[in-house]
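Asker: Sharing final33.tsv below, TSV, C-alpha atoms:
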chain	number	residue	atom	x	y	z
A	1	MET	CA	69.68	88.06	176.22
A	2	LEU	CA	73.35	87.38	175.61
A	3	PRO	CA	75.53	87.30	178.74
A	4	LEU	CA	78.35	89.82	179.08
A	5	GLU	CA	81.08	87.21	178.58
A	6	ARG	CA	79.51	86.11	175.28
A	7	ILE	CA	79.29	89.71	174.06
A	8	LEU	CA	82.96	90.27	174.93
A	9	GLU	CA	83.90	87.07	173.11
A	10	ILE	CA	82.10	88.24	169.94
A	11	LEU	CA	83.60	91.73	170.07
A	12	GLU	CA	87.14	90.43	170.61
A	13	LYS	CA	86.84	88.51	167.33
A	14	LYS	CA	85.35	91.40	165.35
A	15	VAL	CA	87.20	94.51	166.58
A	16	ASN	CA	90.87	95.16	167.24
A	17	LEU	CA	90.56	95.39	171.03
A	18	ASN	CA	91.24	92.97	173.88
A	19	LYS	CA	88.87	92.14	176.74
A	20	GLU	CA	90.30	94.75	179.12
A	21	GLU	CA	90.01	97.51	176.53
A	22	LEU	CA	86.43	96.51	175.75
A	23	LEU	CA	85.51	96.54	179.43
A	24	GLN	CA	86.92	100.07	179.69
A	25	LYS	CA	84.68	101.17	176.82
A	26	ILE	CA	81.69	99.48	178.42
A	27	GLU	CA	82.35	101.24	181.74
A	28	ALA	CA	82.78	104.56	179.88
A	29	LYS	CA	79.43	104.01	178.17
A	30	GLN	CA	77.79	103.37	181.55
A	31	LYS	CA	79.34	106.57	182.91
A	32	GLU	CA	78.16	108.49	179.84
A	33	LEU	CA	74.61	107.33	180.58
A	34	SER	CA	74.90	108.24	184.28
A	35	GLY	CA	75.00	104.58	185.34
A	36	LEU	CA	71.37	104.09	184.29
A	37	VAL	CA	72.15	101.18	181.97
A	38	SER	CA	73.45	97.77	182.98
A	39	LYS	CA	76.83	96.44	181.85
A	40	GLU	CA	75.11	94.13	179.39
A	41	GLY	CA	73.06	97.02	178.02
A	42	ALA	CA	76.20	99.17	177.73
A	43	ALA	CA	77.95	96.28	175.96
A	44	TYR	CA	75.14	96.17	173.37
A	45	LEU	CA	75.57	99.91	172.80
A	46	VAL	CA	79.36	99.56	172.43
A	47	ALA	CA	78.79	96.75	169.91
A	48	ARG	CA	76.45	99.05	167.97
A	49	ASP	CA	79.09	101.82	167.97
A	50	PHE	CA	81.48	99.37	166.30
A	51	GLY	CA	78.82	98.30	163.81
A	52	VAL	CA	78.66	94.81	165.29
A	53	GLU	CA	75.18	93.25	165.41
A	54	LEU	CA	74.50	90.81	168.23
A	55	GLU	CA	72.08	88.11	167.20
A	56	GLN	CA	68.92	87.53	169.24
A	57	SER	CA	67.00	85.02	167.18
A	58	ASP	CA	65.06	83.14	169.89
A	59	LEU	CA	61.82	84.35	171.41
A	60	VAL	CA	62.46	86.43	174.51
A	61	GLU	CA	60.28	87.28	177.48
A	62	ILE	CA	59.71	90.96	178.14
A	63	LYS	CA	61.35	90.79	181.58
A	64	ASP	CA	64.64	89.77	179.92
A	65	LEU	CA	64.88	92.74	177.54
A	66	VAL	CA	67.95	94.95	177.94
A	67	ALA	CA	68.51	98.30	176.22
A	68	GLY	CA	70.64	97.80	173.11
A	69	MET	CA	69.39	94.32	172.22
A	70	ARG	CA	68.78	93.88	168.48
A	71	ARG	CA	66.84	91.46	166.29
A	72	ILE	CA	64.39	90.81	169.08
A	73	SER	CA	61.51	88.40	168.56
A	74	LEU	CA	58.70	88.23	171.12
A	75	ILE	CA	55.02	87.39	171.42
A	76	GLY	CA	52.54	89.41	173.49
A	77	ARG	CA	49.04	90.87	173.68
A	78	ILE	CA	48.06	94.46	172.86
A	79	PHE	CA	46.29	95.69	176.01
A	80	LYS	CA	46.30	99.43	175.41
A	81	VAL	CA	46.30	101.63	172.30
A	82	SER	CA	47.04	105.36	172.57
A	83	ASP	CA	45.51	108.15	170.54
A	84	ILE	CA	47.27	109.16	167.32
A	85	PHE	CA	49.67	112.05	167.92
A	86	GLU	CA	50.50	114.40	165.04
A	87	PHE	CA	53.59	116.61	165.08
A	88	GLU	CA	55.58	118.95	162.87
A	89	ARG	CA	59.19	118.11	161.96
A	90	LYS	CA	62.04	120.59	161.83
A	91	ASP	CA	61.69	120.78	158.03
A	92	GLY	CA	57.99	121.64	158.28
A	93	SER	CA	56.67	118.22	157.22
A	94	ARG	CA	54.06	116.42	159.32
A	95	GLY	CA	54.51	113.14	161.16
A	96	ARG	CA	52.29	110.79	163.15
A	97	VAL	CA	52.80	108.23	165.92
A	98	ILE	CA	50.62	105.85	167.89
A	99	ASN	CA	51.76	103.78	170.89
A	100	LEU	CA	50.87	100.14	171.47
A	101	PHE	CA	51.28	98.66	174.95
A	102	ILE	CA	52.15	94.97	174.64
A	103	GLY	CA	52.37	92.54	177.55
A	104	ASP	CA	53.22	88.94	178.35
A	105	PRO	CA	53.10	87.14	181.73
A	106	THR	CA	56.46	88.71	182.72
A	107	GLY	CA	55.97	92.41	181.94
A	108	TYR	CA	55.07	94.95	179.27
A	109	ILE	CA	56.67	97.29	176.75
A	110	LYS	CA	55.59	100.29	174.71
A	111	LEU	CA	55.88	100.01	170.93
A	112	PRO	CA	55.60	103.28	168.94
A	113	LEU	CA	54.32	102.97	165.36
A	114	TRP	CA	55.49	105.89	163.23
A	115	ASN	CA	53.95	107.52	160.16
A	116	ASP	CA	52.82	104.91	157.57
A	117	ARG	CA	52.70	102.16	160.20
A	118	VAL	CA	49.93	104.07	161.99
A	119	LYS	CA	47.65	102.70	159.25
A	120	LEU	CA	48.05	99.21	160.75
A	121	VAL	CA	45.75	100.42	163.54
A	122	GLU	CA	43.61	102.77	161.45
A	123	ASP	CA	42.84	99.98	158.96
A	124	GLY	CA	42.02	97.48	161.70
A	125	GLN	CA	44.94	95.15	161.01
A	126	LEU	CA	45.98	95.59	164.67
A	127	LYS	CA	43.55	96.26	167.51
A	128	LEU	CA	43.09	96.03	171.25
A	129	GLY	CA	43.31	92.44	172.49
A	130	ASP	CA	45.26	91.06	169.51
A	131	VAL	CA	48.11	88.62	170.12
A	132	VAL	CA	51.07	89.81	168.05
A	133	ARG	CA	54.59	88.77	167.17
A	134	ILE	CA	57.39	91.33	166.90
A	135	ARG	CA	60.37	90.48	164.68
A	136	ASN	CA	63.72	92.25	164.34
A	137	GLY	CA	62.91	94.73	167.10
A	138	LEU	CA	65.41	96.96	168.86
A	139	ALA	CA	65.19	97.48	172.63
A	140	ARG	CA	66.02	100.87	173.99
A	141	GLU	CA	65.59	102.64	177.30
A	142	ASN	CA	63.37	105.70	177.24
A	143	ILE	CA	63.83	108.78	179.37
A	144	PHE	CA	61.74	107.29	182.19
A	145	GLY	CA	63.96	104.22	182.54
A	146	ASP	CA	61.46	101.92	180.81
A	147	ILE	CA	62.24	99.62	177.89
A	148	GLU	CA	60.65	100.43	174.53
A	149	ILE	CA	60.77	98.46	171.29
A	150	SER	CA	61.62	100.20	168.03
A	151	LEU	CA	60.86	98.50	164.71
A	152	GLY	CA	63.15	100.73	162.67
A	153	LYS	CA	63.38	99.96	158.94
A	154	TYR	CA	63.60	96.19	159.19
A	155	GLY	CA	61.38	95.29	162.13
A	156	SER	CA	57.80	94.10	161.82
A	157	ILE	CA	54.69	93.37	163.87
A	158	GLU	CA	52.01	90.88	162.83
A	159	LYS	CA	48.78	89.58	164.30
A	160	LEU	CA	48.79	85.88	165.24
A	161	GLU	CA	45.66	83.82	164.75
A	162	LYS	CA	46.79	81.02	167.06
A	163	GLU	CA	45.63	81.45	170.66
A	164	TYR	CA	48.41	81.74	173.25
A	165	GLU	CA	48.24	81.47	177.02
A	166	LEU	CA	48.49	85.16	177.76
A	167	PRO	CA	46.67	87.28	180.35
A	168	SER	CA	43.57	89.12	179.13
A	169	VAL	CA	43.42	92.84	178.36
A	170	GLU	CA	41.67	93.44	181.70
A	171	GLU	CA	44.25	91.45	183.66
A	172	MET	CA	47.16	93.27	182.03
A	173	SER	CA	45.59	96.70	182.50
A	174	LYS	CA	44.98	96.00	186.17
A	175	ARG	CA	48.47	94.60	186.71
A	176	PHE	CA	50.51	97.09	184.70
A	177	LEU	CA	48.50	100.32	184.49
A	178	ASN	CA	45.68	100.67	187.03
A	179	VAL	CA	47.87	100.27	190.08
A	180	ILE	CA	46.99	102.06	193.33
A	181	PRO	CA	50.31	102.19	195.17
A	182	GLU	CA	50.49	101.39	198.87
A	183	ARG	CA	52.92	103.05	201.27
A	184	THR	CA	55.62	100.45	201.86
A	185	GLU	CA	58.86	100.37	203.83
A	186	ILE	CA	61.95	100.01	201.68
A	187	LYS	CA	62.91	96.73	203.33
A	188	ASP	CA	59.65	95.18	202.08
A	189	LEU	CA	59.86	96.34	198.47
A	190	GLU	CA	59.67	93.98	195.50
A	191	GLU	CA	59.32	94.77	191.81
A	192	GLY	CA	56.16	96.80	191.22
A	193	ILE	CA	54.51	100.19	191.86
A	194	TYR	CA	54.77	101.67	195.38
A	195	GLU	CA	54.64	104.79	197.49
A	196	ILE	CA	57.61	105.32	199.79
A	197	LYS	CA	58.68	107.99	202.24
A	198	GLY	CA	62.32	108.61	203.08
A	199	THR	CA	65.27	110.98	203.20
A	200	LEU	CA	67.68	111.55	200.32
A	201	VAL	CA	70.99	110.72	202.00
A	202	GLN	CA	73.31	110.63	198.97
A	203	VAL	CA	73.48	112.19	195.51
A	204	PHE	CA	75.54	110.60	192.76
A	205	ARG	CA	77.90	112.81	190.79
A	206	GLY	CA	77.17	113.08	187.06
A	207	LYS	CA	76.36	115.45	184.20
A	208	PHE	CA	72.69	115.61	185.30
A	209	ILE	CA	71.77	116.53	181.71
A	210	PHE	CA	71.21	114.20	178.77
A	211	SER	CA	70.21	114.77	175.15
A	212	ILE	CA	66.89	113.53	173.76
A	213	CYS	CA	65.18	113.43	170.37
A	214	PRO	CA	62.68	116.31	170.01
A	215	VAL	CA	60.25	113.98	168.21
A	216	CYS	CA	60.17	110.71	170.16
A	217	LYS	CA	61.84	111.99	173.38
A	218	SER	CA	64.24	109.01	173.46
A	219	SER	CA	67.92	109.27	174.39
A	220	VAL	CA	70.24	110.00	171.47
A	221	GLN	CA	73.87	109.21	170.75
A	222	LEU	CA	76.70	111.55	169.74
A	223	VAL	CA	78.22	110.13	166.54
A	224	GLU	CA	81.00	112.10	164.81
A	225	ASN	CA	79.87	115.32	166.49
A	226	LYS	CA	76.28	114.78	165.36
A	227	PHE	CA	73.32	113.77	167.53
A	228	VAL	CA	71.60	110.69	166.13
A	229	CYS	CA	68.26	109.13	167.11
A	230	GLU	CA	67.77	105.44	166.33
A	231	GLU	CA	64.33	106.20	164.90
A	232	HIS	CA	64.73	109.65	163.35
A	233	GLY	CA	68.38	109.90	162.33
A	234	GLU	CA	70.36	113.12	162.75
A	235	ILE	CA	68.47	115.61	164.91
A	236	GLU	CA	68.91	118.85	166.85
A	237	PRO	CA	68.54	117.56	170.42
A	238	GLU	CA	66.52	118.83	173.33
A	239	HIS	CA	67.85	118.39	176.86
A	240	ALA	CA	66.38	116.72	179.92
A	241	MET	CA	67.45	116.38	183.54
A	242	VAL	CA	68.24	113.26	185.56
A	243	ILE	CA	69.20	113.05	189.25
A	244	SER	CA	70.06	109.83	191.06
A	245	GLY	CA	70.96	109.08	194.64
A	246	ILE	CA	70.15	106.99	197.71
A	247	ILE	CA	66.93	107.26	199.72
A	248	ASP	CA	66.67	105.87	203.26
A	249	ASP	CA	63.54	105.37	205.38
A	250	GLY	CA	65.14	103.85	208.49
A	251	SER	CA	64.26	100.29	207.49
A	252	ALA	CA	66.68	100.13	204.52
A	253	ASN	CA	67.89	102.20	201.58
A	254	LEU	CA	67.97	101.91	197.80
A	255	ARG	CA	68.95	103.80	194.70
A	256	VAL	CA	66.37	106.30	193.42
A	257	VAL	CA	66.26	108.05	190.04
A	258	PHE	CA	64.36	111.21	189.05
A	259	PHE	CA	63.80	111.98	185.36
A	260	ARG	CA	62.73	115.09	183.49
A	261	GLU	CA	59.86	116.99	185.18
A	262	ASN	CA	60.36	115.14	188.47
A	263	ALA	CA	64.06	116.01	188.50
A	264	GLU	CA	63.23	119.66	187.74
A	265	LYS	CA	60.59	119.73	190.48
A	266	LEU	CA	63.06	118.19	192.93
A	267	LEU	CA	65.79	120.72	192.09
A	268	GLY	CA	63.56	123.75	191.56
A	269	ILE	CA	65.12	124.83	188.24
A	270	SER	CA	64.82	123.78	184.59
A	271	ALA	CA	67.15	121.53	182.62
A	272	LYS	CA	68.10	124.54	180.49
A	273	GLU	CA	69.15	126.52	183.57
A	274	LEU	CA	71.18	123.63	184.96
A	275	LYS	CA	72.89	122.98	181.60
A	276	ALA	CA	74.22	126.55	181.62
A	277	LEU	CA	76.38	125.71	184.67
A	278	GLU	CA	79.79	124.01	184.69
A	279	LEU	CA	79.82	120.38	185.86
A	280	GLU	CA	81.23	121.13	189.30
A	281	GLU	CA	78.74	123.97	189.81
A	282	ARG	CA	75.92	121.61	188.83
A	283	PHE	CA	76.95	119.02	191.40
A	284	LYS	CA	77.34	121.65	194.11
A	285	LEU	CA	73.88	123.09	193.40
A	286	VAL	CA	72.20	119.67	193.26
A	287	LYS	CA	73.82	118.59	196.51
A	288	GLU	CA	72.91	121.79	198.32
A	289	ARG	CA	69.28	121.72	197.21
A	290	VAL	CA	68.30	118.06	197.50
A	291	LEU	CA	70.57	116.33	200.01
A	292	GLY	CA	68.66	115.68	203.23
A	293	LEU	CA	65.22	116.30	201.75
A	294	GLU	CA	62.38	114.22	203.21
A	295	LEU	CA	60.29	112.97	200.30
A	296	VAL	CA	57.10	111.05	199.59
A	297	LEU	CA	57.47	109.34	196.23
A	298	VAL	CA	55.31	107.21	193.96
A	299	GLY	CA	57.18	105.12	191.45
A	300	ARG	CA	58.28	101.81	190.04
A	301	VAL	CA	60.70	99.38	191.64
A	302	LYS	CA	62.73	97.49	189.06
A	303	LYS	CA	65.61	95.05	189.32
A	304	ASN	CA	69.08	95.79	188.00
A	305	LYS	CA	69.98	92.39	186.56
A	306	ILE	CA	73.74	92.96	186.59
A	307	PHE	CA	74.06	94.12	190.19
A	308	ASP	CA	71.12	92.04	191.45
A	309	ARG	CA	69.60	94.97	193.32
A	310	LEU	CA	66.33	96.87	193.36
A	311	GLU	CA	66.13	100.46	192.14
A	312	PHE	CA	63.30	103.02	192.40
A	313	VAL	CA	62.26	105.20	189.46
A	314	ALA	CA	60.23	108.12	190.80
A	315	ASN	CA	57.09	108.86	188.75
A	316	LYS	CA	55.64	111.43	191.14
A	317	ILE	CA	56.88	113.58	194.00
A	318	LYS	CA	54.00	114.09	196.43
A	319	ASP	CA	53.68	117.13	198.63
A	320	LEU	CA	54.45	116.24	202.23
A	321	ASN	CA	51.16	116.57	204.13
A	322	ILE	CA	52.10	116.88	207.80
A	323	ARG	CA	48.58	116.10	209.03
A	324	GLU	CA	48.27	112.96	206.89
A	325	GLU	CA	51.77	111.81	207.84
A	326	SER	CA	50.91	112.27	211.52
A	327	LYS	CA	47.78	110.14	211.09
A	328	LYS	CA	49.78	107.37	209.42
A	329	LEU	CA	52.40	107.47	212.17
A	330	ALA	CA	49.69	107.29	214.85
A	331	ALA	CA	48.10	104.32	213.08
A	332	GLN	CA	51.46	102.52	212.96
A	333	ILE	CA	51.99	103.12	216.69
A	334	ARG	CA	48.49	101.79	217.50
A	335	SER	CA	49.08	98.65	215.42
A	336	VAL	CA	52.26	97.95	217.39
A	337	LEU	CA	50.58	98.49	220.77
A	338	GLU	CA	47.45	96.46	220.03
The structure in this file should be written as structure tokens.

Answerer:
Amino acid sequence: MLPLERILEILEKKVNLNKEELLQKIEAKQKELSGLVSKEGAAYLVARDFGVELEQSDLVEIKDLVAGMRRISLIGRIFKVSDIFEFERKDGSRGRVINLFIGDPTGYIKLPLWNDRVKLVEDGQLKLGDVVRIRNGLARENIFGDIEISLGKYGSIEKLEKEYELPSVEEMSKRFLNVIPERTEIKDLEEGIYEIKGTLVQVFRGKFIFSICPVCKSSVQLVENKFVCEEHGEIEPEHAMVISGIIDDGSANLRVVFFRENAEKLLGISAKELKALELEERFKLVKERVLGLELVLVGRVKKNKIFDRLEFVANKIKDLNIREESKKLAAQIRSVLE
């Protein structure tokens, strides 16, 4: 992953802007994406807008991937293969996609294989447990805040015969997928899957609505008044909701983000209904409905590399069970007294 200073140095040489002007564009890109992308990730997206490709020729570990990185090369093991999903395009033609989950000792990513590439799995060229190498991949952040790899036109994936020191399928599944979250105080959180309980004490101002591709559900960019998906080109976008703020449980606080269905459940209305409101009306409604709510959340704690802080992406909003919460509180009191 190229550091921000190196990206700025490359852009200064290739576009007619100075460092301060580039930083303004990077900050504007972050604001456009509701602050959900790091400065480095935003810098990669700004470089892409200018048509500047940032080289990433060395092998990278999955934990170091940042949205916007291009020409990625990495090695990992396939530890989960989804079913094949068939869909109808806007023009009436049919498409297919299958998702591979690929891990290394540092983390995992999802890799969608579209249309003809589905045959790599159907024909047995790629299967569960294979060690693979990805070349010329593009990293992008999906609507749940996770990093995905897109192969695009020029990327490739190949099976490696050489054995690498990688965790087994069972180890990766247990570590990354079959996680039973434990209730944890915010002060004790590390990267991983947890259940937390706290009060939403702040809501960040933003558009609360973002555009996604109707096929792959990834974020899209507005280019010359047209919405463009990295994978599927010009599209007619759908819209999804995102709400971010600060949750506090008395021990500490951290940033929390709600995407799509979880954001709609939190707010009590659909993305379509919220989009119909003016920006100031949206913020007023969000603040009135969610500020001060006591919530029990299950989700993933991840680290923002630029700001060196933990953030919580909510995967599930649990109903607050007063009886169960009372039992847990009583158990905590007994453990202190014993």

Asker: Hey, what's within 6 Å of region 258-261 of chain A if we count only C-alpha atoms and toss same-chain stuff fewer than 5 positions away? As a list in words, please?

Answerer: Ala240, Met241, Val242, Ile243 and Ala314 of chain A

Asker: Just C-alpha atoms for this one: save the residues we selected as a compact mmCIF listing (two decimals), keeping the file's coordinate frame.

Answerer:
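Here's the written file out.txt:
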# COMPACT_ATOMS: atom_id res chain seq x y z
CA ALA A 240 66.38 116.72 179.92
CA MET A 241 67.45 116.38 183.54
CA VAL A 242 68.24 113.26 185.56
CA ILE A 243 69.20 113.05 189.25
CA ALA A 314 60.23 108.12 190.80

Asker: Per residue of region 177-249 of chain A within 6 Å of region 288-296 of chain A, record the nearest atom pair and its distance in Å to one decimal, counting all atoms listed in the file, with rows in chain order and ascending residue number, as JSON lines.

Answerer:
{"residue": "A:Ile196", "atom": "CA", "partner": "A:Val296", "partner_atom": "CA", "distance": 5.8}
{"residue": "A:Lys197", "atom": "CA", "partner": "A:Val296", "partner_atom": "CA", "distance": 4.3}
{"residue": "A:Gly198", "atom": "CA", "partner": "A:Leu295", "partner_atom": "CA", "distance": 5.6}
{"residue": "A:Thr199", "atom": "CA", "partner": "A:Glu294", "partner_atom": "CA", "distance": 4.3}
{"residue": "A:Leu200", "atom": "CA", "partner": "A:Gly292", "partner_atom": "CA", "distance": 5.1}
{"residue": "A:Val201", "atom": "CA", "partner": "A:Gly292", "partner_atom": "CA", "distance": 5.6}

Asker: Which value, in Å to one decimal, gives the distance between CA of Leu11 (chain A) and CA of Ala42 (chain A)?

Answerer: 13.0 Å

Asker: With 9 Å as the cut-off and all atoms listed in the file counted, what is the closest atom pair between each nearby residue of region 148-266 of chain A and region 63-75 of chain A? Distances in Å to one decimal, ordered by chain and number, as CSV.

Answerer:
residue,atom,partner,partner_atom,distance
A:Glu148,CA,A:Ala67,CA,8.3
A:Ile149,CA,A:Ile72,CA,8.7
A:Gly155,CA,A:Arg71,CA,7.9
A:Leu160,CA,A:Ile75,CA,8.9
A:Tyr164,CA,A:Ile75,CA,8.9

Asker: Which one is closest to Lys318 (chain A): A:Lys217, A:Lys39, A:Lys265, A:Lys19? Count only C-alpha atoms.

Answerer: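 The closest residue to Lys318 (chain A) is A:Lys265.
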
Asker: Could you list, as a PyMOL selection string, every residue within 12 Å of region 204-209 of chain A, counting only C-alpha atoms and ignoring same-chain residues fewer than 3 positions away?

Answerer: chain A and resi 30-36+143+200-201+212+219+237-247+255-260+263-264+267+270-287+290-291

Asker: Do you know which residues are at most 12 Å from Val132 (chain A) counting only C-alpha atoms, after dropping those on the same chain fewer than 4 positions away, and could you put them as a PyMOL selection string?

Answerer: chain A and resi 73-79+100-104+111+125-128+156-164+166

Asker: To one decimal in Å, tell me the separation between CA of Glu236 (chain A) and CA of Leu266 (chain A).

Answerer: 26.7 Å

Asker: Pick the closest to Glu170 (chain A) from A:Gly137, A:Gly192, A:Gly129, A:Gly268: which is it, counting only C-alpha atoms?

Answerer: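 Counting only C-alpha atoms, the residue closest to Glu170 (chain A) is A:Gly129.
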
Asker: Work out how far CA of Arg140 (chain A) is from CA of Ile7 (chain A), in Å to one decimal.

Answerer: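 Pair CA of Ile7 (chain A) / CA of Arg140 (chain A) returns 17.3 Å.
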
Asker: Quick one: 3 Å padding each side, axis-aligned, all listed atoms of region 225-239 of chain A - centre and edge lengths in Å to one decimal, as JSON?

Answerer:
{"center_x": 72.1, "center_y": 112.1, "center_z": 169.6, "size_x": 21.5, "size_y": 19.4, "size_z": 20.5}

Asker: Could you check which of A:Arg309, A:Lys80, A:Lys174, A:His232 is closest to Ile109 (chain A), using all atoms listed in the file?

Answerer: A:Lys80
